[in-house]
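Chemist: As input, take work-v4.pdb (PDB, C-alpha atoms):
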ATOM      1  CA  MET O   1     140.174 -17.948 -30.605
ATOM      2  CA  GLY O   2     139.582 -19.987 -27.473
ATOM      3  CA  THR O   3     141.063 -23.134 -29.014
ATOM      4  CA  TYR O   4     144.317 -24.868 -29.967
ATOM      5  CA  TYR O   5     146.429 -24.836 -33.101
ATOM      6  CA  ARG O   6     148.697 -27.467 -34.621
ATOM      7  CA  VAL O   7     151.303 -27.124 -37.369
ATOM      8  CA  GLN O   8     153.146 -30.042 -38.950
ATOM      9  CA  LEU O   9     156.002 -29.330 -41.348
ATOM     10  CA  TYR O  10     159.566 -30.301 -42.127
ATOM     11  CA  SER O  11     162.300 -27.848 -41.174
ATOM     12  CA  SER O  12     165.848 -27.566 -39.889
ATOM     13  CA  GLU O  13     164.895 -24.391 -38.051
ATOM     14  CA  SER O  14     164.466 -24.351 -34.275
ATOM     15  CA  LYS O  15     160.967 -25.458 -33.276
ATOM     16  CA  GLU O  16     160.933 -22.818 -30.516
ATOM     17  CA  LYS O  17     161.768 -20.021 -32.977
ATOM     18  CA  LEU O  18     159.114 -21.175 -35.434
ATOM     19  CA  LYS O  19     156.507 -21.453 -32.666
ATOM     20  CA  ALA O  20     157.318 -17.934 -31.484
ATOM     21  CA  ASP O  21     156.825 -16.598 -35.030
ATOM     22  CA  ILE O  22     153.500 -18.434 -35.376
ATOM     23  CA  ASP O  23     152.295 -17.217 -31.970
ATOM     24  CA  LYS O  24     153.123 -13.634 -32.915
ATOM     25  CA  PHE O  25     151.284 -13.996 -36.217
ATOM     26  CA  LEU O  26     148.164 -15.426 -34.530
ATOM     27  CA  ARG O  27     148.159 -12.723 -31.858
ATOM     28  CA  LEU O  28     148.048 -10.105 -34.616
ATOM     29  CA  PHE O  29     145.271 -12.048 -36.347
ATOM     30  CA  ASN O  30     143.243 -12.268 -33.132
ATOM     31  CA  GLN O  31     143.655  -8.541 -32.605
ATOM     32  CA  VAL O  32     141.472  -8.093 -35.686
ATOM     33  CA  PHE O  33     138.835 -10.839 -35.392
ATOM     34  CA  SER O  34     138.568 -12.101 -31.788
ATOM     35  CA  THR O  35     135.402 -11.183 -29.866
ATOM     36  CA  TYR O  36     137.207 -12.340 -26.721
ATOM     37  CA  ILE O  37     139.638  -9.390 -26.935
ATOM     38  CA  GLU O  38     138.009  -6.144 -25.823
ATOM     39  CA  ASP O  39     140.125  -3.853 -28.012
ATOM     40  CA  SER O  40     140.193  -6.058 -31.147
ATOM     41  CA  GLU O  41     138.920  -4.516 -34.362
ATOM     42  CA  VAL O  42     135.719  -6.567 -34.375
ATOM     43  CA  SER O  43     135.036  -5.645 -30.719
ATOM     44  CA  LYS O  44     135.477  -1.965 -31.556
ATOM     45  CA  ILE O  45     132.989  -2.333 -34.434
ATOM     46  CA  ASN O  46     130.496  -3.978 -32.095
ATOM     47  CA  LYS O  47     130.850  -1.182 -29.511
ATOM     48  CA  HIS O  48     130.760   1.639 -32.075
ATOM     49  CA  LYS O  49     127.861   4.038 -31.463
ATOM     50  CA  PHE O  50     127.473   5.233 -35.066
ATOM     51  CA  ASP O  51     126.417   3.597 -38.356
ATOM     52  CA  GLN O  52     129.790   3.616 -40.101
ATOM     53  CA  ILE O  53     133.405   2.932 -39.233
ATOM     54  CA  LYS O  54     136.797   2.677 -40.953
ATOM     55  CA  ILE O  55     138.011  -0.911 -41.314
ATOM     56  CA  SER O  56     141.297  -2.640 -42.129
ATOM     57  CA  ASP O  57     142.022  -4.464 -45.374
ATOM     58  CA  SER O  58     141.877  -7.792 -43.512
ATOM     59  CA  MET O  59     138.439  -6.997 -42.094
ATOM     60  CA  LYS O  60     137.192  -5.819 -45.481
ATOM     61  CA  LYS O  61     138.383  -9.020 -47.154
ATOM     62  CA  LEU O  62     136.661 -11.283 -44.632
ATOM     63  CA  ILE O  63     133.410  -9.287 -44.675
ATOM     64  CA  GLU O  64     133.250  -9.494 -48.472
ATOM     65  CA  LEU O  65     133.980 -13.248 -48.422
ATOM     66  CA  SER O  66     131.318 -13.704 -45.736
ATOM     67  CA  GLN O  67     128.752 -11.752 -47.741
ATOM     68  CA  ASN O  68     129.418 -13.926 -50.783
ATOM     69  CA  ILE O  69     128.867 -17.177 -48.863
ATOM     70  CA  SER O  70     125.871 -15.689 -47.063
ATOM     71  CA  ARG O  71     124.209 -14.979 -50.409
ATOM     72  CA  LYS O  72     125.001 -18.425 -51.828
ATOM     73  CA  SER O  73     123.707 -20.141 -48.679
ATOM     74  CA  TYR O  74     120.477 -18.100 -48.593
ATOM     75  CA  GLY O  75     121.511 -16.475 -45.326
ATOM     76  CA  TYR O  76     122.125 -19.672 -43.374
ATOM     77  CA  TYR O  77     125.675 -18.445 -42.826
ATOM     78  CA  ASP O  78     125.496 -14.955 -41.325
ATOM     79  CA  PRO O  79     128.164 -13.342 -39.094
ATOM     80  CA  THR O  80     125.659 -10.692 -37.941
ATOM     81  CA  VAL O  81     123.985 -13.446 -35.903
ATOM     82  CA  ALA O  82     126.102 -12.402 -32.886
ATOM     83  CA  PRO O  83     123.201 -10.898 -30.873
ATOM     84  CA  LEU O  84     121.383 -14.237 -31.084
ATOM     85  CA  VAL O  85     124.506 -16.261 -30.280
ATOM     86  CA  ASN O  86     125.026 -14.089 -27.194
ATOM     87  CA  LEU O  87     121.372 -14.381 -26.131
ATOM     88  CA  TRP O  88     121.631 -18.146 -26.094
ATOM     89  CA  GLY O  89     124.913 -18.081 -24.122
ATOM     90  CA  PHE O  90     127.256 -19.315 -26.853
ATOM     91  CA  GLY O  91     129.252 -16.053 -27.001
ATOM     92  CA  PRO O  92     131.945 -14.714 -24.652
ATOM     93  CA  HIS O  93     129.417 -14.362 -21.797
ATOM     94  CA  LYS O  94     127.309 -17.191 -20.408
ATOM     95  CA  VAL O  95     123.625 -16.937 -19.493
ATOM     96  CA  LYS O  96     121.493 -18.918 -17.015
ATOM     97  CA  SER O  97     118.353 -19.551 -19.062
ATOM     98  CA  ALA O  98     116.970 -19.682 -22.587
ATOM     99  CA  PRO O  99     115.847 -16.264 -23.898
ATOM    100  CA  GLU O 100     112.171 -15.344 -24.145
ATOM    101  CA  LYS O 101     110.487 -15.212 -27.551
ATOM    102  CA  ARG O 102     109.998 -11.424 -27.481
ATOM    103  CA  VAL O 103     113.713 -10.896 -26.730
ATOM    104  CA  ILE O 104     114.664 -13.129 -29.684
ATOM    105  CA  GLU O 105     112.287 -11.181 -31.954
ATOM    106  CA  GLN O 106     113.934  -7.896 -30.944
ATOM    107  CA  ALA O 107     117.455  -9.251 -31.493
ATOM    108  CA  ILE O 108     116.651 -10.711 -34.908
ATOM    109  CA  LYS O 109     115.850  -7.203 -36.207
ATOM    110  CA  LYS O 110     119.589  -6.476 -36.030
ATOM    111  CA  VAL O 111     120.541  -9.634 -37.930
ATOM    112  CA  GLY O 112     121.091  -9.834 -41.683
ATOM    113  CA  PHE O 113     124.206  -9.465 -43.825
ATOM    114  CA  ASN O 114     122.171  -7.541 -46.401
ATOM    115  CA  LYS O 115     122.109  -4.707 -43.854
ATOM    116  CA  LEU O 116     125.889  -4.253 -44.184
ATOM    117  CA  GLU O 117     127.723  -2.421 -46.946
ATOM    118  CA  VAL O 118     131.437  -1.920 -47.562
ATOM    119  CA  LYS O 119     132.601   1.096 -49.561
ATOM    120  CA  ASP O 120     136.323   1.660 -49.974
ATOM    121  CA  ASP O 121     137.712   1.435 -46.420
ATOM    122  CA  ARG O 122     134.450   1.997 -44.536
ATOM    123  CA  LEU O 123     131.765  -0.315 -43.194
ATOM    124  CA  TYR O 124     128.175   0.947 -43.129
ATOM    125  CA  TYR O 125     125.696  -0.884 -40.914
ATOM    126  CA  LEU O 126     122.662  -0.516 -38.652
ATOM    127  CA  LYS O 127     123.450   0.883 -35.221
ATOM    128  CA  GLY O 128     123.363  -1.961 -32.721
ATOM    129  CA  MET O 129     124.464  -4.649 -35.150
ATOM    130  CA  GLU O 130     127.244  -6.968 -34.014
ATOM    131  CA  LEU O 131     129.681  -9.130 -35.958
ATOM    132  CA  ASP O 132     130.899 -12.558 -34.897
ATOM    133  CA  PHE O 133     133.282 -14.360 -37.264
ATOM    134  CA  SER O 134     133.662 -17.465 -35.087
ATOM    135  CA  ALA O 135     132.189 -19.585 -37.908
ATOM    136  CA  ILE O 136     134.804 -18.476 -40.442
ATOM    137  CA  ALA O 137     137.735 -16.883 -38.574
ATOM    138  CA  LYS O 138     139.415 -20.171 -37.639
ATOM    139  CA  GLY O 139     139.354 -21.257 -41.271
ATOM    140  CA  TYR O 140     140.543 -17.851 -42.424
ATOM    141  CA  GLY O 141     143.289 -17.986 -39.805
ATOM    142  CA  VAL O 142     144.409 -21.347 -41.221
ATOM    143  CA  ASP O 143     144.537 -19.870 -44.744
ATOM    144  CA  GLU O 144     146.515 -16.831 -43.601
ATOM    145  CA  LEU O 145     148.920 -18.926 -41.512
ATOM    146  CA  VAL O 146     149.532 -21.248 -44.484
ATOM    147  CA  LYS O 147     150.259 -18.195 -46.624
ATOM    148  CA  PHE O 148     152.641 -16.870 -43.946
ATOM    149  CA  LEU O 149     154.519 -20.198 -43.718
ATOM    150  CA  GLU O 150     154.716 -20.592 -47.488
ATOM    151  CA  TYR O 151     156.266 -17.128 -47.653
ATOM    152  CA  GLN O 152     158.886 -18.421 -45.183
ATOM    153  CA  GLY O 153     159.695 -21.185 -47.687
ATOM    154  CA  TYR O 154     157.737 -24.145 -46.319
ATOM    155  CA  ALA O 155     156.022 -26.109 -49.102
ATOM    156  CA  ASN O 156     154.914 -29.287 -47.303
ATOM    157  CA  LEU O 157     152.733 -28.685 -44.271
ATOM    158  CA  LEU O 158     149.473 -29.354 -42.460
ATOM    159  CA  VAL O 159     147.926 -26.508 -40.443
ATOM    160  CA  GLU O 160     145.009 -26.907 -38.035
ATOM    161  CA  ILE O 161     143.177 -24.429 -35.817
ATOM    162  CA  GLY O 162     140.497 -25.958 -33.620
ATOM    163  CA  GLY O 163     139.677 -28.764 -36.048
ATOM    164  CA  GLU O 164     139.776 -26.728 -39.276
ATOM    165  CA  LEU O 165     142.654 -27.896 -41.501
ATOM    166  CA  ARG O 166     144.544 -27.121 -44.681
ATOM    167  CA  ALA O 167     147.252 -29.226 -46.309
ATOM    168  CA  ARG O 168     149.945 -28.219 -48.779
ATOM    169  CA  GLY O 169     152.350 -30.519 -50.555
ATOM    170  CA  HIS O 170     152.928 -33.933 -48.982
ATOM    171  CA  LYS O 171     154.423 -35.762 -46.022
ATOM    172  CA  ALA O 172     158.108 -36.632 -45.768
ATOM    173  CA  ASP O 173     157.513 -40.054 -47.321
ATOM    174  CA  GLN O 174     155.836 -38.374 -50.351
ATOM    175  CA  THR O 175     152.377 -39.620 -49.340
ATOM    176  CA  THR O 176     149.277 -37.449 -49.165
ATOM    177  CA  TRP O 177     148.228 -35.848 -45.898
ATOM    178  CA  LYS O 178     145.216 -37.670 -44.430
ATOM    179  CA  VAL O 179     142.773 -36.393 -41.816
ATOM    180  CA  GLY O 180     139.920 -38.063 -39.976
ATOM    181  CA  ILE O 181     136.277 -37.080 -39.629
ATOM    182  CA  GLU O 182     135.042 -37.711 -36.110
ATOM    183  CA  GLY O 183     131.704 -39.220 -35.204
ATOM    184  CA  PRO O 184     130.010 -39.524 -31.813
ATOM    185  CA  ASN O 185     130.189 -42.837 -30.012
ATOM    186  CA  GLU O 186     127.782 -44.043 -27.328
ATOM    187  CA  SER O 187     129.045 -41.509 -24.774
ATOM    188  CA  LEU O 188     129.197 -38.630 -27.300
ATOM    189  CA  GLY O 189     132.948 -38.950 -27.403
ATOM    190  CA  ALA O 190     135.001 -39.037 -30.571
ATOM    191  CA  SER O 191     135.613 -41.871 -32.977
ATOM    192  CA  ILE O 192     137.071 -41.675 -36.488
ATOM    193  CA  ILE O 193     134.458 -42.741 -39.026
ATOM    194  CA  LYS O 194     136.011 -41.481 -42.282
ATOM    195  CA  VAL O 195     139.590 -40.793 -43.401
ATOM    196  CA  VAL O 196     139.949 -38.067 -46.025
ATOM    197  CA  PRO O 197     143.116 -37.448 -48.076
ATOM    198  CA  LEU O 198     143.871 -33.735 -48.459
ATOM    199  CA  LYS O 199     145.754 -32.998 -51.678
ATOM    200  CA  ASN O 200     146.328 -29.248 -51.373
ATOM    201  CA  LYS O 201     142.844 -28.997 -49.909
ATOM    202  CA  SER O 202     141.143 -27.812 -46.724
ATOM    203  CA  MET O 203     138.528 -29.425 -44.525
ATOM    204  CA  ALA O 204     136.276 -27.953 -41.841
ATOM    205  CA  THR O 205     133.631 -29.574 -39.671
ATOM    206  CA  SER O 206     130.645 -28.171 -37.791
ATOM    207  CA  GLY O 207     128.904 -30.423 -35.276
ATOM    208  CA  SER O 208     126.283 -30.270 -32.550
ATOM    209  CA  TYR O 209     127.309 -33.197 -30.342
ATOM    210  CA  ARG O 210     130.156 -31.394 -28.566
ATOM    211  CA  ASN O 211     129.077 -27.753 -28.304
ATOM    212  CA  TYR O 212     125.650 -27.442 -26.711
ATOM    213  CA  LEU O 213     123.920 -26.007 -23.635
ATOM    214  CA  LYS O 214     121.191 -27.381 -21.395
ATOM    215  CA  TYR O 215     118.445 -25.177 -19.952
ATOM    216  CA  GLY O 216     116.121 -27.144 -17.699
ATOM    217  CA  ASP O 217     115.559 -30.547 -19.281
ATOM    218  CA  LYS O 218     116.165 -29.396 -22.856
ATOM    219  CA  VAL O 219     119.458 -29.475 -24.772
ATOM    220  CA  PHE O 220     120.161 -26.743 -27.340
ATOM    221  CA  SER O 221     122.619 -26.878 -30.234
ATOM    222  CA  HIS O 222     125.175 -24.063 -30.589
ATOM    223  CA  THR O 223     124.197 -23.664 -34.270
ATOM    224  CA  ILE O 224     121.663 -20.838 -34.560
ATOM    225  CA  ASP O 225     119.297 -20.527 -37.525
ATOM    226  CA  PRO O 226     119.579 -16.818 -38.479
ATOM    227  CA  HIS O 227     116.055 -16.896 -39.931
ATOM    228  CA  THR O 228     114.321 -17.989 -36.723
ATOM    229  CA  GLY O 229     116.793 -16.960 -34.025
ATOM    230  CA  MET O 230     116.513 -20.448 -32.563
ATOM    231  CA  PRO O 231     119.072 -23.267 -32.208
ATOM    232  CA  VAL O 232     118.569 -25.841 -34.951
ATOM    233  CA  GLU O 233     116.463 -28.887 -34.074
ATOM    234  CA  HIS O 234     116.914 -31.129 -37.118
ATOM    235  CA  LYS O 235     118.642 -34.506 -36.952
ATOM    236  CA  THR O 236     121.915 -33.504 -38.655
ATOM    237  CA  ILE O 237     124.668 -33.710 -36.040
ATOM    238  CA  SER O 238     127.769 -32.995 -38.125
ATOM    239  CA  VAL O 239     128.837 -31.548 -41.479
ATOM    240  CA  SER O 240     132.339 -31.733 -42.995
ATOM    241  CA  VAL O 241     133.287 -29.700 -46.070
ATOM    242  CA  VAL O 242     136.346 -30.146 -48.320
ATOM    243  CA  HIS O 243     137.343 -26.989 -50.212
ATOM    244  CA  ASP O 244     140.382 -25.279 -51.695
ATOM    245  CA  TYR O 245     140.254 -22.632 -48.936
ATOM    246  CA  CYS O 246     139.687 -23.299 -45.261
ATOM    247  CA  ALA O 247     137.696 -20.083 -44.698
ATOM    248  CA  ASP O 248     135.146 -21.182 -47.295
ATOM    249  CA  ALA O 249     135.010 -24.694 -45.852
ATOM    250  CA  ASP O 250     134.508 -23.284 -42.346
ATOM    251  CA  ALA O 251     131.639 -20.953 -43.306
ATOM    252  CA  TRP O 252     129.931 -23.522 -45.528
ATOM    253  CA  ALA O 253     130.099 -26.142 -42.765
ATOM    254  CA  THR O 254     128.190 -23.768 -40.474
ATOM    255  CA  ALA O 255     125.655 -22.865 -43.176
ATOM    256  CA  LEU O 256     124.972 -26.501 -44.057
ATOM    257  CA  MET O 257     124.780 -27.466 -40.392
ATOM    258  CA  SER O 258     122.188 -24.732 -39.926
ATOM    259  CA  MET O 259     119.989 -25.887 -42.816
ATOM    260  CA  GLY O 260     120.386 -29.646 -42.233
ATOM    261  CA  ALA O 261     121.177 -32.522 -44.576
ATOM    262  CA  GLU O 262     117.924 -32.609 -46.539
ATOM    263  CA  LYS O 263     118.220 -29.045 -47.794
ATOM    264  CA  GLY O 264     122.016 -29.014 -47.473
ATOM    265  CA  LEU O 265     122.677 -31.801 -49.968
ATOM    266  CA  ASP O 266     120.781 -29.894 -52.661
ATOM    267  CA  ILE O 267     122.616 -26.632 -51.912
ATOM    268  CA  ALA O 268     125.967 -28.477 -51.825
ATOM    269  CA  ASP O 269     125.429 -29.993 -55.273
ATOM    270  CA  LYS O 270     124.259 -26.665 -56.721
ATOM    271  CA  ASN O 271     127.473 -25.004 -55.486
ATOM    272  CA  GLY O 272     129.839 -27.859 -56.371
ATOM    273  CA  LEU O 273     130.723 -28.562 -52.738
ATOM    274  CA  ALA O 274     132.297 -31.758 -51.380
ATOM    275  CA  VAL O 275     130.240 -32.364 -48.237
ATOM    276  CA  PHE O 276     129.827 -35.246 -45.767
ATOM    277  CA  PHE O 277     126.814 -35.259 -43.383
ATOM    278  CA  GLN O 278     126.193 -37.290 -40.245
ATOM    279  CA  VAL O 279     122.482 -37.607 -39.470
ATOM    280  CA  LYS O 280     120.831 -39.210 -36.420
ATOM    281  CA  GLU O 281     117.968 -41.479 -37.445
ATOM    282  CA  GLY O 282     116.523 -43.220 -34.421
ATOM    283  CA  ASP O 283     119.369 -44.932 -32.585
ATOM    284  CA  LYS O 284     121.627 -44.943 -35.646
ATOM    285  CA  ILE O 285     123.960 -42.458 -37.306
ATOM    286  CA  VAL O 286     123.463 -42.349 -41.084
ATOM    287  CA  TYR O 287     126.123 -40.918 -43.407
ATOM    288  CA  LYS O 288     125.131 -38.860 -46.438
ATOM    289  CA  ALA O 289     127.551 -37.313 -48.940
ATOM    290  CA  SER O 290     127.210 -34.904 -51.829
ATOM    291  CA  SER O 291     128.088 -36.207 -55.296
ATOM    292  CA  TYR O 292     131.165 -33.947 -55.272
ATOM    293  CA  PHE O 293     132.427 -35.522 -52.029
ATOM    294  CA  ASP O 294     132.254 -39.024 -53.496
ATOM    295  CA  LYS O 295     133.905 -37.771 -56.677
ATOM    296  CA  TYR O 296     136.697 -36.114 -54.678
ATOM    297  CA  LEU O 297     137.436 -39.293 -52.709
ATOM    298  CA  LYS O 298     137.676 -41.327 -55.922
ATOM    299  CA  THR O 299     140.084 -38.910 -57.627
ATOM    300  CA  SER O 300     142.295 -38.299 -54.573
ATOM    301  CA  GLN O 301     143.110 -41.890 -53.635
TER     302      GLN O 301
END
Output the structure of this file as structure tokens.
Modeler:
Amino acid sequence: MGTYYRVQLYSSESKEKLKADIDKFLRLFNQVFSTYIEDSEVSKINKHKFDQIKISDSMKKLIELSQNISRKSYGYYDPTVAPLVNLWGFGPHKVKSAPEKRVIEQAIKKVGFNKLEVKDDRLYYLKGMELDFSAIAKGYGVDELVKFLEYQGYANLLVEIGGELRARGHKADQTTWKVGIEGPNESLGASIIKVVPLKNKSMATSGSYRNYLKYGDKVFSHTIDPHTGMPVEHKTISVSVVHDYCADADAWATALMSMGAEKGLDIADKNGLAVFFQVKEGDKIVYKASSYFDKYLKTSQ
């Protein structure tokens, strides 16, 4: 996935043996969803020259979950946005300049989750469409790894992949797992601005202040608006979502980052989502939370 993972749990088993088991599990997971692996299942779908292909149960499950969140977010989360992500240089291959408007308009014709359909074990889609699950796969990987470890008998653990986390049970001293939400400081580095207890919950964050590209004198966010094909230009710089499942939190964080805090707060409340926004207003960072986020903090202390 191009990032790190971290697992905290309590066990008498050898750490080396457990790490080897986790590495093997994640290699199998990546073989399905990683666009960085040329013969992964998602890479084969993207290279397929026809309009249908047989897919695995894991791929089917994630596509159906993605379609559900895409509908609820009015298309602001959309894994078919891969052609646009690649155009702007945020995919596996880098580019030297921002794409021209006509090139963006051509690419956007192949974007839209409503152009996909899953029937039984087959995926039907427009030829030339590409899938990129980078905005949900880390969260889904966390969920699947938690499930794998629970099957091994571990009840108290904290799993993180590239900043997306899920907690189960409690720490050794019986206290709740706590995780921090980062905010940018003066040099765009990290500083903890909110501590969130995770009682059998997940949290994912999408932000623009770390992952960006500069073409000429202009800086572009890595978050692409699927409706326009352009990197977002609003003042929201970070969104954190607390949810039962990390995959949902991951995808919703991207969707809400794409739409921005003004529209995002309304969508979050309509969908019962616990969401924390960081918004740049002038020289200050303003924090805005959904009513469900405030409610969650009060009940989880």
Chemist: Specify as a PDB file with C-alpha atoms, in the frame of the given file each residue included when the PyMOL selection byres ((chain O and resi 267-270) around 9) is applied to this file.
Modeler:
ATOM      1  CA  LYS O  72     125.001 -18.425 -51.828  1.00  0.00           C
ATOM      2  CA  SER O  73     123.707 -20.141 -48.679  1.00  0.00           C
ATOM      3  CA  TRP O 252     129.931 -23.522 -45.528  1.00  0.00           C
ATOM      4  CA  LEU O 256     124.972 -26.501 -44.057  1.00  0.00           C
ATOM      5  CA  LYS O 263     118.220 -29.045 -47.794  1.00  0.00           C
ATOM      6  CA  GLY O 264     122.016 -29.014 -47.473  1.00  0.00           C
ATOM      7  CA  LEU O 265     122.677 -31.801 -49.968  1.00  0.00           C
ATOM      8  CA  ASP O 266     120.781 -29.894 -52.661  1.00  0.00           C
ATOM      9  CA  ASN O 271     127.473 -25.004 -55.486  1.00  0.00           C
ATOM     10  CA  GLY O 272     129.839 -27.859 -56.371  1.00  0.00           C
ATOM     11  CA  LEU O 273     130.723 -28.562 -52.738  1.00  0.00           C
ATOM     12  CA  ALA O 274     132.297 -31.758 -51.380  1.00  0.00           C
ATOM     13  CA  VAL O 275     130.240 -32.364 -48.237  1.00  0.00           C
ATOM     14  CA  SER O 290     127.210 -34.904 -51.829  1.00  0.00           C
ATOM     15  CA  SER O 291     128.088 -36.207 -55.296  1.00  0.00           C
ATOM     16  CA  TYR O 292     131.165 -33.947 -55.272  1.00  0.00           C
TER      17      TYR O 292
END
Chemist: Pull out every residue that the PyMOL selection byres ((chain O and resi 33) around 9) matches in the shown coordinates and put them as a list of chain:residue names.
Modeler: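 For this structure, the PyMOL selection byres ((chain O and resi 33) around 9) resolves to O:Met1, O:Phe29, O:Asn30, O:Gln31, O:Val32, O:Ser34, O:Thr35, O:Tyr36, O:Ile37, O:Ser40, O:Glu41, O:Val42, O:Ser43, O:Met59, O:Asp132, O:Phe133, O:Ser134, O:Ala137.
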Chemist: Name the closest residue to Met203 of chain O among the candidates O:Asp39, O:Asp23, O:Glu13, O:Glu164; distances are taken between atoms, counting only C-alpha atoms.
Modeler: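 Between O:Asp39, O:Asp23, O:Glu13, O:Glu164, the residue approaching Met203 of chain O most closely is O:Glu164.
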Chemist: With distances taken over all atoms listed in the file, which of O:Ile181, O:Ile55, O:Met257, O:Val85 is nearest to Val118 of chain O?
Modeler: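 Under the stated criterion, the closest residue is O:Ile55.
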Chemist: Kindly resolve the PyMOL selection byres ((chain O and resi 237) around 9) on the present coordinates and return the residues as a PyMOL selection string.
Modeler: chain O and resi 183-184+206-209+234-236+238-239+257+260+277-280+285
Chemist: For a cutoff of 6 Å around the file-coordinate point (151.3, -31.0, -47.4), which residues qualify once you count all atoms listed in the file? I'd like the result as a list in words.
Modeler: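 Looking at atoms near the point gives Asn156, Leu157, Leu158, Ala167, Arg168, Gly169, His170, Lys171 and Trp177 of chain O.
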Chemist: Which residue gives the smallest distance to Ala253 of chain O among O:Ile224, O:Ala204, O:Leu297, O:Leu9, with all atoms listed in the file counted?
Modeler: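 Comparing O:Ile224, O:Ala204, O:Leu297, O:Leu9 against Ala253 of chain O, the winner is O:Ala204.
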Chemist: One number please: atom CA of Thr223 of chain O to atom CA of Thr254 of chain O, in Å, one decimal.
Modeler: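 It comes out at 7.4 Å.
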